[in-house]
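Undergrad: Have a peek at start19.csv (CSV, C-alpha atoms (C1' of nucleotides)).
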chain,number,residue,atom,x,y,z
A,1,MET,CA,-30.6,-2.6,-18.4
A,2,THR,CA,-32.0,-5.3,-16.2
A,3,VAL,CA,-30.7,-6.1,-12.8
A,4,ALA,CA,-29.4,-9.4,-14.1
A,5,GLY,CA,-27.5,-7.5,-16.8
A,6,GLU,CA,-26.0,-5.3,-14.2
A,7,ASP,CA,-24.8,-8.3,-12.3
A,8,THR,CA,-23.3,-9.8,-15.5
A,9,ALA,CA,-21.4,-6.6,-16.3
A,10,ARG,CA,-20.2,-6.5,-12.7
A,11,ARG,CA,-18.8,-10.0,-12.9
A,12,GLU,CA,-17.2,-9.2,-16.2
A,13,LEU,CA,-15.6,-6.2,-14.6
A,14,LEU,CA,-14.2,-8.3,-11.8
A,15,ARG,CA,-12.9,-10.9,-14.1
A,16,TYR,CA,-11.1,-8.1,-16.0
A,17,VAL,CA,-9.8,-6.7,-12.8
A,18,GLU,CA,-8.2,-10.0,-12.0
A,19,ARG,CA,-6.7,-10.1,-15.4
A,20,PHE,CA,-5.2,-6.7,-15.2
A,21,ALA,CA,-4.0,-7.3,-11.7
A,22,LEU,CA,-2.2,-10.4,-12.9
A,23,VAL,CA,-0.1,-8.2,-15.3
A,24,LEU,CA,0.7,-5.8,-12.5
A,25,ARG,CA,1.7,-8.7,-10.3
A,26,GLU,CA,4.0,-10.0,-13.0
A,27,ALA,CA,5.6,-6.6,-12.9
A,28,GLY,CA,6.3,-7.0,-9.2
A,29,MET,CA,3.2,-5.6,-7.5
A,30,ALA,CA,1.6,-7.5,-4.6
A,31,PRO,CA,-1.8,-9.1,-5.3
A,32,MET,CA,-4.0,-6.9,-3.3
A,33,PRO,CA,-2.6,-3.5,-4.3
A,34,ALA,CA,-2.7,-4.7,-7.9
A,35,ARG,CA,-6.4,-5.6,-7.6
A,36,VAL,CA,-7.3,-2.3,-5.9
A,37,LEU,CA,-5.5,-0.3,-8.5
A,38,ALA,CA,-7.0,-2.2,-11.4
A,39,TYR,CA,-10.5,-1.9,-9.8
A,40,ALA,CA,-10.2,1.8,-9.0
A,41,LEU,CA,-9.0,2.5,-12.6
A,42,ALA,CA,-11.6,0.4,-14.4
A,43,ASP,CA,-14.7,1.1,-12.4
A,44,ASP,CA,-16.6,4.3,-12.9
A,45,ALA,CA,-16.2,6.2,-9.7
A,46,ASP,CA,-13.4,8.6,-9.3
A,47,ARG,CA,-13.2,8.3,-5.6
A,48,TYR,CA,-13.8,5.3,-3.4
A,49,THR,CA,-14.2,4.6,0.3
A,50,ALA,CA,-12.4,1.6,1.7
A,51,ALA,CA,-15.9,0.0,2.1
A,52,ASP,CA,-16.5,0.6,-1.6
A,53,LEU,CA,-13.3,-1.2,-2.5
A,54,ALA,CA,-13.9,-4.0,-0.1
A,55,GLU,CA,-17.4,-4.6,-1.3
A,56,GLY,CA,-16.6,-4.1,-4.9
A,57,LEU,CA,-13.7,-6.5,-4.8
A,58,GLN,CA,-15.4,-9.0,-2.4
A,59,VAL,CA,-12.6,-8.9,0.0
A,60,SER,CA,-12.2,-8.0,3.7
A,61,PRO,CA,-11.6,-4.5,4.9
A,62,ALA,CA,-8.4,-5.6,6.4
A,63,ALA,CA,-7.0,-6.5,3.0
A,64,ILE,CA,-8.0,-3.1,1.6
A,65,SER,CA,-6.3,-1.4,4.5
A,66,GLY,CA,-2.9,-2.8,3.6
A,67,ALA,CA,-3.3,-2.4,-0.1
A,68,VAL,CA,-4.3,1.3,-0.1
A,69,ARG,CA,-1.5,2.1,2.3
A,70,GLN,CA,1.0,0.8,-0.3
A,71,LEU,CA,-0.8,2.6,-3.2
A,72,VAL,CA,-0.9,5.9,-1.3
A,73,GLN,CA,2.8,5.6,-0.4
A,74,TRP,CA,3.6,5.1,-4.1
A,75,GLY,CA,1.5,8.1,-4.9
A,76,LEU,CA,-1.0,6.2,-7.0
A,77,LEU,CA,-3.9,6.9,-4.8
A,78,ALA,CA,-4.5,10.0,-2.7
A,79,ARG,CA,-6.2,9.8,0.6
A,80,GLU,CA,-8.8,12.5,1.2
A,81,ARG,CA,-11.3,13.2,3.9
A,82,GLU,CA,-14.5,15.1,3.3
A,83,PRO,CA,-15.1,17.4,6.2
A,84,GLY,CA,-18.0,16.1,8.4
A,85,THR,CA,-17.6,12.5,7.3
A,86,ARG,CA,-16.1,9.5,8.9
A,87,SER,CA,-14.6,7.6,6.0
A,88,ASP,CA,-11.4,8.2,4.0
A,89,LEU,CA,-11.8,8.7,0.3
A,90,TYR,CA,-9.3,7.3,-2.1
A,91,VAL,CA,-8.9,9.3,-5.2
A,92,LEU,CA,-7.2,8.3,-8.4
A,93,ASP,CA,-5.4,11.3,-9.8
A,94,ASP,CA,-5.9,10.4,-13.4
A,95,GLN,CA,-4.0,13.4,-14.7
A,96,ASP,CA,-0.7,12.5,-13.0
A,97,LEU,CA,-1.3,8.9,-12.2
A,98,TRP,CA,1.2,7.4,-14.6
A,99,SER,CA,3.8,10.1,-14.2
A,100,ARG,CA,3.7,9.2,-10.5
A,101,PHE,CA,3.9,5.6,-11.3
A,102,ILE,CA,7.1,6.1,-13.3
A,103,GLY,CA,8.3,8.5,-10.6
A,104,ALA,CA,8.2,5.6,-8.2
A,105,GLU,CA,10.0,3.5,-10.7
A,106,LEU,CA,12.7,6.1,-10.8
A,107,SER,CA,13.3,5.8,-7.1
A,108,THR,CA,13.7,2.1,-7.6
A,109,LEU,CA,16.1,2.8,-10.4
A,110,ASP,CA,18.1,5.1,-8.1
A,111,ARG,CA,18.5,2.4,-5.5
A,112,PHE,CA,19.5,0.1,-8.3
A,113,ILE,CA,22.2,2.5,-9.5
A,114,GLU,CA,23.4,3.1,-5.9
A,115,THR,CA,23.7,-0.6,-5.4
A,116,VAL,CA,25.7,-1.1,-8.6
A,117,ALA,CA,28.0,1.8,-7.7
A,118,ALA,CA,28.6,0.3,-4.3
A,119,GLY,CA,29.6,-3.0,-6.1
A,120,ILE,CA,32.3,-1.2,-8.0
A,121,ASP,CA,33.9,-0.3,-4.7
A,122,VAL,CA,33.6,-3.8,-3.5
A,123,VAL,CA,35.1,-5.5,-6.6
A,124,GLY,CA,37.4,-2.8,-7.8
A,125,LEU,CA,37.7,-1.2,-11.3
A,126,ASP,CA,40.8,-3.2,-12.0
A,127,ARG,CA,38.9,-6.4,-12.3
A,128,PRO,CA,36.5,-7.5,-15.2
A,129,GLY,CA,33.6,-7.7,-12.8
A,130,GLY,CA,34.1,-4.2,-11.7
A,131,ARG,CA,34.3,-2.9,-15.2
A,132,ARG,CA,31.0,-4.7,-16.0
A,133,LEU,CA,29.4,-3.1,-13.0
A,134,ALA,CA,30.7,0.3,-14.1
A,135,GLU,CA,29.2,-0.2,-17.6
A,136,THR,CA,25.9,-1.2,-15.9
A,137,ARG,CA,25.9,1.9,-13.8
A,138,ASN,CA,26.5,4.1,-16.8
A,139,PHE,CA,23.7,2.5,-18.7
A,140,LEU,CA,21.2,2.7,-15.9
A,141,ALA,CA,22.1,6.4,-15.3
A,142,PHE,CA,21.4,7.1,-19.0
A,143,LEU,CA,18.2,5.2,-18.8
A,144,ARG,CA,17.2,7.2,-15.8
A,145,GLU,CA,17.8,10.5,-17.6
A,146,GLN,CA,15.7,9.3,-20.5
A,147,LEU,CA,12.8,8.1,-18.4
A,148,ALA,CA,12.7,11.3,-16.4
A,149,ASP,CA,12.7,13.2,-19.6
A,150,ALA,CA,9.9,11.2,-21.1
A,151,VAL,CA,7.8,11.7,-18.0
A,152,ARG,CA,8.5,15.4,-18.1
A,153,ARG,CA,7.4,15.6,-21.7
A,154,TRP,CA,4.2,13.6,-21.4
A,155,PRO,CA,1.7,16.3,-20.5
A,156,ALA,CA,2.6,18.4,-23.5
A,157,GLU,CA,2.8,15.3,-25.7
A,158,ARG,CA,-0.6,14.2,-24.6
A,159,ASP,CA,-2.1,17.5,-25.5
A,160,ARG,CA,-0.3,17.5,-28.8
A,161,ARG,CA,-1.7,14.0,-29.6
A,162,ALA,CA,-5.2,15.1,-28.5
A,163,THR,CA,-5.3,18.1,-30.8
A,164,ASP,CA,-3.8,16.3,-33.7
A,165,ARG,CA,-6.8,14.2,-34.3
B,1,MET,CA,47.4,-11.9,-1.1
B,2,THR,CA,47.1,-14.7,1.4
B,3,VAL,CA,44.7,-17.6,1.1
B,4,ALA,CA,42.8,-16.2,4.1
B,5,GLY,CA,42.6,-12.9,2.3
B,6,GLU,CA,41.2,-14.6,-0.8
B,7,ASP,CA,38.5,-16.2,1.4
B,8,THR,CA,37.6,-12.8,2.9
B,9,ALA,CA,37.3,-11.2,-0.6
B,10,ARG,CA,35.2,-14.2,-1.6
B,11,ARG,CA,32.8,-13.8,1.3
B,12,GLU,CA,32.6,-10.1,0.6
B,13,LEU,CA,31.7,-10.8,-3.0
B,14,LEU,CA,29.0,-13.2,-2.0
B,15,ARG,CA,27.6,-10.7,0.5
B,16,TYR,CA,27.5,-8.1,-2.2
B,17,VAL,CA,25.8,-10.5,-4.6
B,18,GLU,CA,23.0,-11.1,-2.1
B,19,ARG,CA,22.6,-7.3,-1.8
B,20,PHE,CA,22.5,-6.8,-5.5
B,21,ALA,CA,20.1,-9.7,-5.9
B,22,LEU,CA,17.8,-8.2,-3.4
B,23,VAL,CA,17.4,-5.1,-5.6
B,24,LEU,CA,16.7,-7.3,-8.6
B,25,ARG,CA,14.2,-9.2,-6.6
B,26,GLU,CA,12.4,-6.0,-5.6
B,27,ALA,CA,12.2,-5.3,-9.3
B,28,GLY,CA,10.3,-8.5,-9.7
B,29,MET,CA,13.0,-11.1,-10.5
B,30,ALA,CA,13.0,-14.5,-8.7
B,31,PRO,CA,15.7,-15.0,-6.1
B,32,MET,CA,17.9,-17.6,-7.9
B,33,PRO,CA,18.0,-15.9,-11.3
B,34,ALA,CA,18.8,-12.6,-9.5
B,35,ARG,CA,21.7,-14.2,-7.6
B,36,VAL,CA,23.1,-15.9,-10.7
B,37,LEU,CA,22.9,-12.7,-12.7
B,38,ALA,CA,24.5,-10.6,-9.9
B,39,TYR,CA,27.2,-13.2,-9.4
B,40,ALA,CA,28.0,-13.6,-13.1
B,41,LEU,CA,28.2,-9.8,-13.4
B,42,ALA,CA,30.3,-9.1,-10.4
B,43,ASP,CA,32.8,-12.0,-10.4
B,44,ASP,CA,35.7,-11.9,-12.8
B,45,ALA,CA,35.1,-14.7,-15.3
B,46,ASP,CA,33.3,-13.8,-18.5
B,47,ARG,CA,32.0,-17.4,-18.9
B,48,TYR,CA,30.8,-19.8,-16.3
B,49,THR,CA,29.9,-23.5,-16.3
B,50,ALA,CA,26.8,-24.5,-14.3
B,51,ALA,CA,29.2,-26.1,-11.8
B,52,ASP,CA,31.1,-22.8,-11.4
B,53,LEU,CA,27.9,-21.0,-10.6
B,54,ALA,CA,26.7,-23.7,-8.2
B,55,GLU,CA,30.0,-23.8,-6.4
B,56,GLY,CA,30.5,-20.1,-6.4
B,57,LEU,CA,27.1,-19.4,-5.0
B,58,GLN,CA,27.1,-22.4,-2.7
B,59,VAL,CA,23.8,-23.7,-4.0
B,60,SER,CA,22.7,-27.0,-5.6
B,61,PRO,CA,23.1,-27.6,-9.4
B,62,ALA,CA,19.3,-28.0,-9.5
B,63,ALA,CA,18.8,-24.4,-8.5
B,64,ILE,CA,21.2,-23.3,-11.1
B,65,SER,CA,19.4,-25.2,-13.8
B,66,GLY,CA,16.2,-23.3,-13.3
B,67,ALA,CA,17.8,-20.0,-12.9
B,68,VAL,CA,20.0,-20.1,-16.0
B,69,ARG,CA,17.0,-21.3,-18.1
B,70,GLN,CA,15.2,-18.1,-17.2
B,71,LEU,CA,18.2,-15.9,-17.8
B,72,VAL,CA,18.9,-17.5,-21.1
B,73,GLN,CA,15.2,-17.1,-22.1
B,74,TRP,CA,15.4,-13.4,-21.2
B,75,GLY,CA,18.5,-13.1,-23.3
B,76,LEU,CA,20.7,-12.0,-20.3
B,77,LEU,CA,22.9,-15.1,-20.6
B,78,ALA,CA,23.9,-17.0,-23.7
B,79,ARG,CA,24.4,-20.7,-23.5
B,80,GLU,CA,27.5,-21.9,-25.4
B,81,ARG,CA,29.1,-25.2,-25.9
B,82,GLU,CA,32.8,-25.6,-26.6
B,83,PRO,CA,33.3,-28.4,-29.1
B,84,GLY,CA,34.7,-31.5,-27.5
B,85,THR,CA,33.5,-30.7,-24.0
B,86,ARG,CA,30.6,-31.8,-22.0
B,87,SER,CA,29.6,-28.8,-20.1
B,88,ASP,CA,27.5,-25.8,-21.2
B,89,LEU,CA,29.1,-22.4,-20.8
B,90,TYR,CA,27.1,-19.4,-19.8
B,91,VAL,CA,28.3,-16.2,-21.2
B,92,LEU,CA,27.4,-12.6,-20.2
B,93,ASP,CA,27.2,-10.5,-23.3
B,94,ASP,CA,28.3,-7.3,-21.6
B,95,GLN,CA,28.0,-5.2,-24.7
B,96,ASP,CA,24.3,-5.8,-25.2
B,97,LEU,CA,23.3,-7.0,-21.7
B,98,TRP,CA,21.3,-4.1,-20.6
B,99,SER,CA,19.8,-3.4,-24.0
B,100,ARG,CA,18.5,-6.9,-23.8
B,101,PHE,CA,17.3,-6.4,-20.3
B,102,ILE,CA,15.2,-3.5,-21.4
B,103,GLY,CA,14.2,-5.3,-24.5
B,104,ALA,CA,12.6,-7.9,-22.2
B,105,GLU,CA,10.9,-5.1,-20.2
B,106,LEU,CA,9.5,-3.8,-23.4
B,107,SER,CA,7.8,-7.2,-24.0
B,108,THR,CA,6.3,-6.9,-20.5
B,109,LEU,CA,5.2,-3.4,-21.4
B,110,ASP,CA,3.5,-4.7,-24.6
B,111,ARG,CA,1.5,-7.2,-22.6
B,112,PHE,CA,0.6,-4.5,-20.3
B,113,ILE,CA,-0.6,-2.3,-23.1
B,114,GLU,CA,-2.6,-5.1,-24.7
B,115,THR,CA,-4.3,-5.9,-21.4
B,116,VAL,CA,-5.3,-2.3,-20.8
B,117,ALA,CA,-6.6,-2.0,-24.4
B,118,ALA,CA,-8.7,-5.1,-23.8
B,119,GLY,CA,-10.1,-3.4,-20.7
B,120,ILE,CA,-11.3,-0.5,-22.9
B,121,ASP,CA,-13.5,-3.0,-24.8
B,122,VAL,CA,-14.8,-4.5,-21.6
B,123,VAL,CA,-15.7,-1.3,-19.9
B,124,GLY,CA,-16.5,0.9,-22.9
B,125,LEU,CA,-15.3,4.4,-23.8
B,126,ASP,CA,-18.5,5.9,-22.7
B,127,ARG,CA,-17.7,5.3,-19.0
B,128,PRO,CA,-15.2,7.1,-16.8
B,129,GLY,CA,-13.3,3.9,-16.2
B,130,GLY,CA,-12.9,3.3,-19.9
B,131,ARG,CA,-11.6,6.8,-20.5
B,132,ARG,CA,-9.1,6.3,-17.7
B,133,LEU,CA,-7.9,3.0,-19.3
B,134,ALA,CA,-7.6,4.8,-22.7
B,135,GLU,CA,-5.5,7.4,-21.1
B,136,THR,CA,-3.4,4.8,-19.5
B,137,ARG,CA,-2.9,3.0,-22.7
B,138,ASN,CA,-1.8,6.2,-24.4
B,139,PHE,CA,0.8,6.9,-21.8
B,140,LEU,CA,2.2,3.4,-21.8
B,141,ALA,CA,2.4,3.5,-25.6
B,142,PHE,CA,4.3,6.8,-25.4
B,143,LEU,CA,6.6,5.4,-22.7
B,144,ARG,CA,7.3,2.3,-24.8
B,145,GLU,CA,8.4,4.5,-27.7
B,146,GLN,CA,10.6,6.5,-25.5
B,147,LEU,CA,12.2,3.4,-23.9
B,148,ALA,CA,12.8,1.7,-27.3
B,149,ASP,CA,14.3,5.0,-28.5
B,150,ALA,CA,16.6,5.2,-25.5
B,151,VAL,CA,17.8,1.7,-25.9
B,152,ARG,CA,18.5,2.3,-29.6
B,153,ARG,CA,20.6,5.3,-28.8
B,154,TRP,CA,22.6,3.8,-26.0
B,155,PRO,CA,25.5,2.4,-28.0
B,156,ALA,CA,26.3,5.7,-29.7
B,157,GLU,CA,25.7,7.5,-26.4
B,158,ARG,CA,28.1,5.3,-24.6
B,159,ASP,CA,30.8,5.9,-27.2
B,160,ARG,CA,30.2,9.6,-27.0
B,161,ARG,CA,30.5,9.6,-23.3
B,162,ALA,CA,33.6,7.5,-23.4
B,163,THR,CA,35.4,9.8,-25.8
B,164,ASP,CA,34.3,13.0,-24.0
B,165,ARG,CA,36.5,12.3,-21.0
C,1,DC,C1',-20.7,11.4,27.1
C,2,DA,C1',-22.3,7.0,25.2
C,3,DG,C1',-22.8,4.9,20.9
C,4,DA,C1',-21.9,3.9,16.2
C,5,DA,C1',-19.2,3.9,12.1
C,6,DC,C1',-14.9,3.3,10.1
C,7,DC,C1',-10.3,2.0,9.8
C,8,DT,C1',-6.2,-0.5,11.5
C,9,DT,C1',-3.6,-4.0,13.8
C,10,DC,C1',-2.8,-8.7,15.1
C,11,DA,C1',-2.7,-13.7,15.2
C,12,DC,C1',-3.5,-17.3,12.5
C,13,DA,C1',-4.8,-20.8,8.8
C,14,DT,C1',-4.0,-21.3,4.0
C,15,DA,C1',-1.6,-20.9,-0.3
C,16,DT,C1',2.4,-20.2,-2.8
C,17,DT,C1',7.2,-20.1,-3.6
C,18,DT,C1',11.8,-21.7,-3.0
C,19,DG,C1',15.7,-24.7,-3.1
C,20,DT,C1',17.3,-29.4,-2.0
C,21,DG,C1',18.4,-34.3,-2.6
C,22,DA,C1',17.6,-38.1,-5.4
C,23,DA,C1',16.5,-40.2,-9.5
C,24,DG,C1',16.4,-39.8,-14.5
C,25,DT,C1',18.2,-38.4,-19.2
C,26,DG,C1',21.4,-37.7,-22.7
C,27,DT,C1',26.1,-37.3,-24.5
C,28,DG,C1',30.7,-38.1,-25.1
C,29,DT,C1',34.8,-41.2,-23.6
C,30,DT,C1',37.3,-45.4,-23.1
D,1,DA,C1',29.0,-51.5,-25.1
D,2,DA,C1',29.7,-49.7,-20.6
D,3,DC,C1',30.9,-46.0,-18.1
D,4,DA,C1',31.3,-41.3,-16.4
D,5,DC,C1',30.1,-36.8,-16.4
D,6,DA,C1',26.9,-32.9,-16.9
D,7,DC,C1',22.6,-31.3,-16.7
D,8,DT,C1',17.5,-31.7,-15.8
D,9,DT,C1',13.3,-33.2,-13.7
D,10,DC,C1',10.7,-34.5,-9.7
D,11,DA,C1',8.8,-34.9,-5.0
D,12,DC,C1',9.2,-32.9,-0.9
D,13,DA,C1',10.3,-29.9,3.3
D,14,DA,C1',11.0,-25.3,4.7
D,15,DA,C1',10.3,-20.6,4.3
D,16,DT,C1',7.5,-16.8,2.8
D,17,DA,C1',3.4,-14.4,1.5
D,18,DT,C1',-1.5,-13.7,1.6
D,19,DG,C1',-6.0,-12.6,3.2
D,20,DT,C1',-9.3,-13.4,7.0
D,21,DG,C1',-11.8,-12.8,11.4
D,22,DA,C1',-11.5,-10.8,15.7
D,23,DA,C1',-10.0,-7.3,18.8
D,24,DG,C1',-8.6,-2.5,19.4
D,25,DG,C1',-8.3,2.6,18.3
D,26,DT,C1',-10.1,6.8,16.7
D,27,DT,C1',-13.4,10.1,15.2
D,28,DC,C1',-17.9,11.8,14.4
D,29,DT,C1',-23.1,11.7,15.8
D,30,DG,C1',-26.9,12.1,18.9
Would you put the structure from the file into structure tokens?

TA:
Amino acid sequence: MTVAGEDTARRELLRYVERFALVLREAGMAPMPARVLAYALADDADRYTAADLAEGLQVSPAAISGAVRQLVQWGLLAREREPGTRSDLYVLDDQDLWSRFIGAELSTLDRFIETVAAGIDVVGLDRPGGRRLAETRNFLAFLREQLADAVRRWPAERDRRATDR
Amino acid sequence: MTVAGEDTARRELLRYVERFALVLREAGMAPMPARVLAYALADDADRYTAADLAEGLQVSPAAISGAVRQLVQWGLLAREREPGTRSDLYVLDDQDLWSRFIGAELSTLDRFIETVAAGIDVVGLDRPGGRRLAETRNFLAFLREQLADAVRRWPAERDRRATDR
DNA sequence: CAGAACCTTCACATATTTGTGAAGTGTGTT
DNA sequence: AACACACTTCACAAATATGTGAAGGTTCTG
């Protein structure tokens, strides 16, 4: 492949990264974390330095700094440090990545459920609003169970699907 | 209860609505739709005119207009019109509300899955990034199945839980 | 121990989002 | 037909979020 071809593929990758990031943003993620996650997923390396990410995405190191902090906190990236080197390495744990992602969503869901439960106390179960909130809490609790269950079953399910074909 | 007591309860309700709306916003909802949904859920009426919502939330009718449009589009509010009256009524369908909510999430998830699948074509299955995207698509597809299943089972599950106690 | 490389923090300019008031549109009433 | 009411659309001001460059730490190298 020529150098020009490499550049074209690169530009195409970046265009795709923006597209992917847009979907993540619509799901509530901030722009820069979305870009970094999309880029780290779609590009070929399985570990990136902050400089890799900054250069690859054509953004400043400062922007990377904030983005990876979020992603690490959510468990989507792991920060590693090779002994005898000066740069952090950000690693995509592709085995557990999406289980972690949903794990983070479960925490959000927990806050959600707590907040709804608090509302039941504020409004009171004797009023229509309170009964609606109670129903909401029950549904969300059920959903949480089901989600947690699905995440738990995924590794086995993946293996099953892989051997099936 | 005195008039002053009513006012206090009202203020407390509004404070709670803001708190609830904040959680919805963190989940990606815009502020005004979040407030309207929280208010409609927690207050006692089961149908509201736009004027009710504007006055109840202390915001302009213009803000309500945009918010209810979103909520109606997502299926969280139904717009009704009593014959012989000039105002639209917004109704919370509390039976199906959260099934609808998740239904909307499923659409988001579908776009997500499509976008990831498109990325596999861009990157190619012969590269690590492509394989990660494929794995992502598989997980999301599985998750989608499980979510749809959970939503489908909720009505029966709710009845079962209600009769159990 | 000085220097360099890397990352983070901070202040700021820019872009985006938000909600308002005012004007506009449509519908039913008198 | 004219009016009144309810809702929507639009332009704008304020608030918020975003990403950059520069300055500041920290950790490894020579």

Undergrad: Return the single residue from D:DG19, D:DA6, D:DA13, D:DG25 that is closest to chain B, with distances computed using only C-alpha atoms (C1' of nucleotides).

TA: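 Between D:DG19, D:DA6, D:DA13, D:DG25, the residue approaching chain B most closely is D:DA6.
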
Undergrad: Mind giving me the straight-line distance from C1' of DA22 in chain D to CA of Ile64 in chain A in Å, one decimal?

TA: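 Value for the C1' of DA22 in chain D-CA of Ile64 in chain A distance: 16.4 Å.
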
Undergrad: Using all atoms listed in the file, find each residue of chain C with at least one atom at most 10 Å away from an atom of chain B; report its shortest atom-to-atom pair and that distance in Å (one decimal), sort the rows by chain and rising residue number, and return the result as CSV.

TA:
residue,atom,partner,partner_atom,distance
C:DT17,C1',B:Ala30,CA,9.5
C:DT18,C1',B:Pro31,CA,8.3
C:DG19,C1',B:Ala63,CA,6.2
C:DT20,C1',B:Ser60,CA,6.9
C:DG21,C1',B:Ser60,CA,9.0
C:DT27,C1',B:Arg86,CA,7.5
C:DG28,C1',B:Arg86,CA,7.0

Undergrad: Should the cut-off be 6 Å, what would the residue list for chain B against chain A look like, counting only C-alpha atoms, as a compact mmCIF listing (two decimals) with C-alpha atoms, in the coordinates of the input?

TA:
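In the end it all went to result07.txt:
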# COMPACT_ATOMS: atom_id res chain seq x y z
CA GLY B 28 10.30 -8.50 -9.70
CA LEU B 41 28.20 -9.80 -13.40
CA ALA B 42 30.30 -9.10 -10.40
CA ASP B 43 32.80 -12.00 -10.40
CA ASP B 44 35.70 -11.90 -12.80
CA PRO B 128 -15.20 7.10 -16.80
CA GLY B 129 -13.30 3.90 -16.20

Undergrad: To one decimal place, how far is C1' of DT27 in chain D from C1' of DA5 in chain C in Å?

TA: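 Those two atoms sit 9.0 Å apart.
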
Undergrad: Give as a list in words every residue of chain D that touches chain A within 12 Å, counting all atoms listed in the file.

TA: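 My answer is DA17, DT18, DG19, DT20, DG21, DA22, DT26, DT27, DC28 and DT29 of chain D.
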
Undergrad: Counting only C-alpha atoms (C1' of nucleotides), find residues at most 10 Å from (-4.3, -14.7, 15.8) (file frame) and give them as a PyMOL selection string.

TA: (chain C and resi 10-13) or (chain D and resi 21-23)

Undergrad: So how many Å separate CA of Ala78 in chain A and CA of Asp93 in chain A, to one decimal?

TA: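 Distance between the two atoms: 7.3 Å.
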
Undergrad: Env of DA22 in chain C: 12 Å cut, atoms = all atoms listed in the file, seq-sep filter 3 positions within chain, self excluded. Answer as a list in words.

TA: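 Within the cut-off, the hits are Ala62 of chain B; DT9, DC10, DA11 and DC12 of chain D.
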
Undergrad: Once 4 Å is added on each side, what are the centre and the three edge lengths, in Å to one decimal, of the axis-aligned box enclosing the listed atoms of range 68-85 of chain A? Present them as lines of an AutoDock Vina configuration file.

TA:
center_x = -7.2
center_y = 9.1
center_z = 0.7
size_x = 29.6
size_y = 24.6
size_z = 23.4

Undergrad: Neighbours of DT8 in chain D within 9 Å (only C-alpha atoms (C1' of nucleotides); same-chain residues fewer than 4 positions away dropped), as a PDB file with C-alpha atoms (C1' of nucleotides), keeping the file's coordinate frame?

TA:
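Written out: part.pdb:
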ATOM      1  CA  ALA B  62      19.300 -28.000  -9.500  1.00  0.00           C
ATOM      2  CA  SER B  65      19.400 -25.200 -13.800  1.00  0.00           C
ATOM      3  CA  GLY B  66      16.200 -23.300 -13.300  1.00  0.00           C
TER       4      GLY B  66
ATOM      5  C1'  DG C  24      16.400 -39.800 -14.500  1.00  0.00           C
ATOM      6  C1'  DT C  25      18.200 -38.400 -19.200  1.00  0.00           C
TER       7       DT C  25
END
